[in-house]
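What's in work-v2.txt: compact mmCIF, C-alpha atoms
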# COMPACT_ATOMS: atom_id res chain seq x y z
CA MET A 1 -104.08 67.30 -41.55
CA GLU A 2 -103.06 66.54 -45.13
CA PRO A 3 -100.97 63.48 -46.01
CA ILE A 4 -97.34 64.06 -46.96
CA LYS A 5 -97.27 62.39 -50.37
CA ALA A 6 -93.60 63.20 -50.92
CA LEU A 7 -92.72 60.62 -48.24
CA LEU A 8 -94.24 57.72 -50.20
CA PRO A 9 -90.97 56.83 -51.99
CA VAL A 10 -89.12 56.93 -48.67
CA SER A 11 -91.63 54.60 -47.05
CA VAL A 12 -91.46 52.16 -49.96
CA TRP A 13 -87.69 52.04 -49.80
CA LEU A 14 -87.85 51.56 -46.02
CA MET A 15 -90.14 48.57 -46.62
CA ARG A 16 -87.69 47.16 -49.19
CA VAL A 17 -84.72 47.61 -46.86
CA GLY A 18 -86.69 46.28 -43.89
CA LEU A 19 -87.74 43.22 -45.86
CA ILE A 20 -84.20 42.36 -46.86
CA LEU A 21 -82.89 42.96 -43.32
CA TYR A 22 -85.65 40.77 -41.89
CA ALA A 23 -84.78 38.04 -44.40
CA TYR A 24 -81.13 38.20 -43.39
CA VAL A 25 -81.74 38.15 -39.63
CA GLU A 26 -84.51 35.55 -39.72
CA TYR A 27 -83.40 33.13 -42.45
CA PHE A 28 -79.67 33.44 -43.17
CA LYS A 29 -78.56 30.99 -40.44
CA THR A 30 -81.05 28.39 -41.65
CA PHE A 31 -79.88 28.91 -45.22
CA THR A 32 -76.18 28.50 -44.37
CA LYS A 33 -76.79 25.17 -42.60
CA PHE A 34 -77.72 23.80 -46.05
CA HIS A 35 -79.98 20.96 -44.93
CA LEU A 36 -81.61 19.93 -48.21
CA ASP A 37 -83.88 17.46 -46.45
CA GLN A 38 -85.68 20.11 -44.38
CA VAL A 39 -88.51 22.36 -45.50
CA GLY A 40 -87.01 25.23 -43.49
CA PHE A 41 -84.04 25.37 -45.84
CA TYR A 42 -86.26 25.90 -48.86
CA ILE A 43 -88.42 28.46 -47.05
CA ALA A 44 -85.27 30.36 -46.07
CA SER A 45 -83.84 30.12 -49.59
CA PHE A 46 -86.98 31.40 -51.27
CA PHE A 47 -87.47 34.19 -48.75
CA LEU A 48 -83.86 35.37 -49.08
CA VAL A 49 -83.87 35.26 -52.86
CA PHE A 50 -87.23 36.90 -53.39
CA SER A 51 -86.68 39.63 -50.81
CA ALA A 52 -83.40 40.45 -52.55
CA ILE A 53 -85.28 40.53 -55.86
CA ILE A 54 -87.81 42.99 -54.44
CA PHE A 55 -84.95 45.22 -53.33
CA VAL A 56 -83.12 45.04 -56.68
CA ALA A 57 -86.35 45.42 -58.65
CA GLY A 58 -86.76 48.83 -57.03
CA PHE A 59 -84.03 50.08 -59.34
CA THR A 60 -85.74 48.81 -62.51
CA LYS A 61 -88.83 49.97 -64.34
CA LYS A 62 -90.23 46.49 -64.94
CA THR A 63 -92.77 45.34 -62.39
CA THR A 64 -92.92 41.61 -63.11
CA LEU A 65 -90.14 40.68 -60.70
CA THR A 66 -91.69 42.70 -57.90
CA VAL A 67 -95.12 41.11 -58.42
CA ILE A 68 -93.73 37.56 -58.50
CA SER A 69 -91.52 38.18 -55.47
CA GLY A 70 -94.41 39.76 -53.56
CA PHE A 71 -96.54 36.72 -54.35
CA VAL A 72 -93.91 34.23 -53.17
CA ILE A 73 -93.18 36.17 -49.97
CA THR A 74 -96.93 36.41 -49.31
CA LEU A 75 -97.25 32.64 -49.63
CA ILE A 76 -94.27 32.06 -47.31
CA SER A 77 -95.69 34.53 -44.78
CA ILE A 78 -99.08 32.82 -44.85
CA TYR A 79 -97.32 29.48 -44.33
CA ASN A 80 -95.47 30.96 -41.34
CA ILE A 81 -98.69 32.46 -39.96
CA ILE A 82 -100.42 29.08 -40.16
CA ASN A 83 -97.49 27.42 -38.39
CA THR A 84 -97.34 29.98 -35.58
CA ILE A 85 -101.05 30.68 -35.04
CA ASP A 86 -101.46 27.76 -32.64
CA LYS A 87 -98.98 29.40 -30.22
CA GLY A 88 -101.38 32.28 -29.76
CA LEU A 89 -100.77 35.96 -30.23
CA ASP A 90 -97.03 36.48 -29.96
CA ASN A 91 -94.28 38.53 -31.59
CA SER A 92 -93.62 35.94 -34.28
CA LEU A 93 -97.23 35.90 -35.42
CA ILE A 94 -97.49 39.68 -35.44
CA LEU A 95 -94.21 40.02 -37.36
CA ASN A 96 -95.35 37.49 -39.97
CA ILE A 97 -98.62 39.39 -40.41
CA LEU A 98 -96.66 42.62 -40.95
CA ILE A 99 -94.34 40.93 -43.45
CA ALA A 100 -97.38 39.53 -45.28
CA GLY A 101 -98.79 43.05 -45.44
CA ILE A 102 -95.58 44.40 -46.94
CA ALA A 103 -95.47 41.55 -49.47
CA ILE A 104 -99.10 42.12 -50.44
CA TYR A 105 -98.31 45.81 -50.90
CA PHE A 106 -95.57 44.95 -53.41
CA LEU A 107 -97.85 42.38 -55.03
CA SER A 108 -100.63 44.92 -55.51
CA ASN A 109 -98.57 48.08 -56.14
CA PRO A 110 -95.21 47.12 -57.70
CA THR A 111 -94.41 50.58 -59.06
CA SER A 112 -95.22 52.27 -55.73
CA LYS A 113 -97.22 55.06 -57.33
Can you present the structure in this file as structure tokens?
Amino acid sequence: MEPIKALLPVSVWLMRVGLILYAYVEYFKTFTKFHLDQVGFYIASFFLVFSAIIFVAGFTKKTTLTVISGFVITLISIYNIINTIDKGLDNSLILNILIAGIAIYFLSNPTSK
């Protein structure tokens, strides 16, 4: 069976939308509490901002924003993986691995071609 290459743009946009929805569901409550003395606030802030940048950068031709955002989200995901790996294999760990994979995709292929 041959791959359906015409679906690549759809899948990339689904990853962008999924990333921003994940950021909203996972980090927006932490962000709105505005505790400047907690690391979680900064993690939430960076994740929200850079996932929004990946989404908006999909409308531009420049790839720099996508690469930088992919890098930052990859670092945050690795941080989250390290923090949740001691709990064993659970949904949080698997979800962070998937998010890291999406971020690495945008880091390595910002134009999605």
Report the closest atom pair, with its distance in Å rounded to one decimal, for each residue of stretch 47-90 of chain A that has an atom no farther than 10 Å from stretch 18-31 of chain A; count only C-alpha atoms, sort by chain and then rising residue number, and write it as a tab-separated table.
residue	atom	partner	partner_atom	distance
A:Phe47	CA	A:Ala23	CA	6.4
A:Leu48	CA	A:Ala23	CA	5.5
A:Val49	CA	A:Ala23	CA	9.0
A:Phe50	CA	A:Ile20	CA	9.0
A:Ser51	CA	A:Ile20	CA	5.4
A:Ala52	CA	A:Ile20	CA	6.1
A:Ile53	CA	A:Ile20	CA	9.2
A:Ile54	CA	A:Ile20	CA	8.4
A:Phe55	CA	A:Ile20	CA	7.1
A:Ile73	CA	A:Leu19	CA	9.8
Under the rule that only C-alpha atoms are counted, which of A:Asn80, A:Asn91, A:Ser45, A:Thr66 is the nearest residue to A:Asn109?
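Of all the options, A:Thr66 lies closest to A:Asn109.
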Here is a test: counting all atoms listed in the file, which residue of A:Gly101, A:Pro3, A:Gly40, A:Pro9 is nearest to A:Thr74?
A:Gly101
Rank nothing, just name the residue among A:Ile85, A:Leu8, A:Val56, A:Met15 nearest to A:Leu98, using only C-alpha atoms.
A:Met15
For A:Tyr105, which of A:Lys33, A:Arg16, A:Lys62, A:Lys87 is the closest residue, counting only C-alpha atoms?
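The answer is A:Arg16, which sits nearest to A:Tyr105.
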Atom pair atom CA of A:Thr63 + atom CA of A:Pro110, distance 5.6 Å
Atom CA of A:Val67 and atom CA of A:Leu107 are how many Å apart?
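Atom CA of A:Val67 sits 4.5 Å away from atom CA of A:Leu107.
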Would you please work out which residue, of A:Ala57, A:Ile104, A:Ile94, A:Gly88, is nearest to A:Gly70 when using only C-alpha atoms?
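Of the candidates, the smallest distance to A:Gly70 is held by A:Ile104.
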Atom CA of A:Phe71 and atom CA of A:Phe106 are how many Å apart?
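Atom CA of A:Phe71 sits 8.3 Å away from atom CA of A:Phe106.
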Go through A:His35, A:Lys61, A:Val12, A:Phe41 one by one, measure the shortest atom-to-atom distance of each to A:Ala103 using only C-alpha atoms, and give the residue with the smallest value.
A:Val12
